[in-house]
Amino acid sequence: MSTTADLVAVLKKELKTARMTYADLALALGMAESSVKRMLAKGDMPLSRIDAICRALKLDFADLARKVADDQPLLAQLTEAQEKAVVADKKLLLAAICVLSQWTLEQITARYRLTEAECIAYLAQLDRIGIIELKPQSRYRLKLAKTFRWRPHGAVMDYFRDHALLDYFSGGFNGAGEGLLLVHGSISRGLAPSFMERMQRVAQDFAQQHQADQKLPEKDREGYTLLLAMRSWEFGAFAALRR
């Protein structure tokens with residue numbers, strides 16, 4: 001939820017954009033300029049006063065609310081409570097994965113056994129959790145940063161470790177555009193971060209291509225899951241043989 005301070009911060013930007021001085025605003029509100037400066041400096045005022053400033057700016061309150069939402073920082077990670085809420089209902093988890101891929105309501109209901117009403121209800125839940133901002137006509141804005149990742153040992157990753165990891169690796173990886181590479185070696189600790197940066201760039205390229213290809217007909221697209229990993233690790237069976 002946005003605070004009054006968030007609303008005031010956006011109002012200050014709008015005043016600057018409209019080239020309206022504090023003196024101009026004071027005149028429109030019937031207040032002393034010093035009172036207006038003090039009010040905006042404190043960043044604390046009743047909604048009735050915010051509404052009056054909107055009228056002076058000829059700005060609809062709904063437009064102001066949207067601007068505040070757009071100014072909110074994007075999430076790089078959810079809280080543990082948010083992740084637990086997502087995995088508590090498997091259909092909600094499905095909806096979360098779909099919105100991360102920027103699927104529309106129509107695409108989700110066409111692919112999965114969810115009615116339109118069910119899907120809208122799940123989108124509303126994701127809005128309450130904070131993953132998306134639900135808009136009219138069931139459109140939405142993703143509130144996650146490009147660097148977003150599930151918590152390494154959070155509820156979602158734990159769920160996939162328990163229920164999806166073996167299913168993923170049981171595939172043959174021999175289809176068109178598929179592959180599985182397993183490389184082991186000892187390298188300088190100082191170089192390890194640079195390899196991670198390259199892997200992150202590959203992941204980002206994949207995500208950007210996904211966005212760009214949404215304009216293609218569905219028959220020309222195929223769903224792929226890219227898994228990149230790197231860690232200091234030794235197979236347990238080998239570690240057991242160490243001297």
# chains A, B, ... in the order shown; residues from 1 in each chain; ligands from 1
>>> select_by_dssp(residues="segment 75-220 of chain A", states="strand (DSSP E)", output="PyMOL selection string")
chain A and resi 132-134+140-142
>>> write_last_selection(atoms="C-alpha atoms", output="PDB file, in the first residue's frame")
ATOM      1  CA  ILE A 132       1.498  -7.837  -9.863  1.00  0.00           C
ATOM      2  CA  GLU A 133      -0.701  -4.764 -10.040  1.00  0.00           C
ATOM      3  CA  LEU A 134      -4.020  -5.913 -11.496  1.00  0.00           C
ATOM      4  CA  TYR A 140      -1.570  -6.484 -15.087  1.00  0.00           C
ATOM      5  CA  ARG A 141       1.786  -4.892 -14.438  1.00  0.00           C
ATOM      6  CA  LEU A 142       4.552  -7.072 -13.048  1.00  0.00           C
TER       7      LEU A 142
END
>>> closest_atom_pairs(of="segment 37-103 of chain A", to="segment 21-26 of chain A", cutoff="10 Å", atoms="only C-alpha atoms", output="Markdown table")
| residue | atom | partner | partner_atom | distance |
| --- | --- | --- | --- | --- |
| A:Lys37 | CA | A:Tyr22 | CA | 6.7 |
| A:Leu40 | CA | A:Tyr22 | CA | 9.4 |
| A:Ala52 | CA | A:Leu25 | CA | 9.9 |
| A:Ile53 | CA | A:Leu25 | CA | 7.5 |
| A:Ala56 | CA | A:Leu25 | CA | 7.1 |
| A:Leu57 | CA | A:Leu25 | CA | 8.6 |
>>> write_last_selection(atoms="N, CA, C and O atoms", output="short mmCIF file (atom, residue, chain, number, x, y, z; two decimals), in the first residue's frame")
data_model
loop_
_atom_site.label_atom_id
_atom_site.label_comp_id
_atom_site.auth_asym_id
_atom_site.auth_seq_id
_atom_site.Cartn_x
_atom_site.Cartn_y
_atom_site.Cartn_z
N LYS A 37 4.40 25.36 1.92
CA LYS A 37 5.78 24.84 1.98
C LYS A 37 5.95 23.89 3.16
O LYS A 37 6.55 22.82 3.02
N LEU A 40 4.05 20.50 2.53
CA LEU A 40 4.72 19.61 1.58
C LEU A 40 6.07 19.13 2.12
O LEU A 40 6.50 18.03 1.80
N ALA A 52 -7.60 18.29 -3.05
CA ALA A 52 -7.66 19.71 -3.43
C ALA A 52 -6.47 20.08 -4.31
O ALA A 52 -6.61 20.83 -5.29
N ILE A 53 -5.30 19.53 -3.99
CA ILE A 53 -4.11 19.80 -4.80
C ILE A 53 -4.28 19.18 -6.20
O ILE A 53 -3.89 19.78 -7.21
N ALA A 56 -6.28 21.46 -8.23
CA ALA A 56 -5.49 22.62 -8.66
C ALA A 56 -4.59 22.26 -9.84
O ALA A 56 -4.35 23.08 -10.73
N LEU A 57 -4.12 21.01 -9.84
CA LEU A 57 -3.26 20.54 -10.92
C LEU A 57 -4.04 20.00 -12.11
O LEU A 57 -3.45 19.60 -13.12
#
>>> residues_around(residues="segment 154-169 of chain A", least_positions_apart="5", cutoff="7 Å", atoms="only C-alpha atoms", output="PyMOL selection string")
chain A and resi 80+83-84+87
>>> write_last_selection(atoms="N, CA and C atoms", output="JSON list (two decimals), in the first residue's frame")
[["chain", "number", "residue", "atom", "x", "y", "z"],
["A", 80, "GLU", "N", 9.54, -14.35, 2.84],
["A", 80, "GLU", "CA", 9.23, -15.75, 3.06],
["A", 80, "GLU", "C", 7.72, -15.95, 3.16],
["A", 83, "GLU", "N", 6.21, -15.93, -0.33],
["A", 83, "GLU", "CA", 6.48, -17.18, -1.04],
["A", 83, "GLU", "C", 5.61, -18.32, -0.50],
["A", 84, "LYS", "N", 5.43, -18.38, 0.81],
["A", 84, "LYS", "CA", 4.59, -19.42, 1.39],
["A", 84, "LYS", "C", 3.16, -19.29, 0.90],
["A", 87, "VAL", "N", 2.98, -20.84, -2.69],
["A", 87, "VAL", "CA", 3.03, -22.30, -2.82],
["A", 87, "VAL", "C", 1.91, -23.00, -2.06]]
>>> select_by_dssp(residues="segment 12-242 of chain A", states="alpha helix (DSSP H)", output="ChimeraX atom specification")
/A:12-17,22-29,33-42,47-57,61-71,80-87,90-100,105-111,116-129,155-163,165-169,192-212,236-239
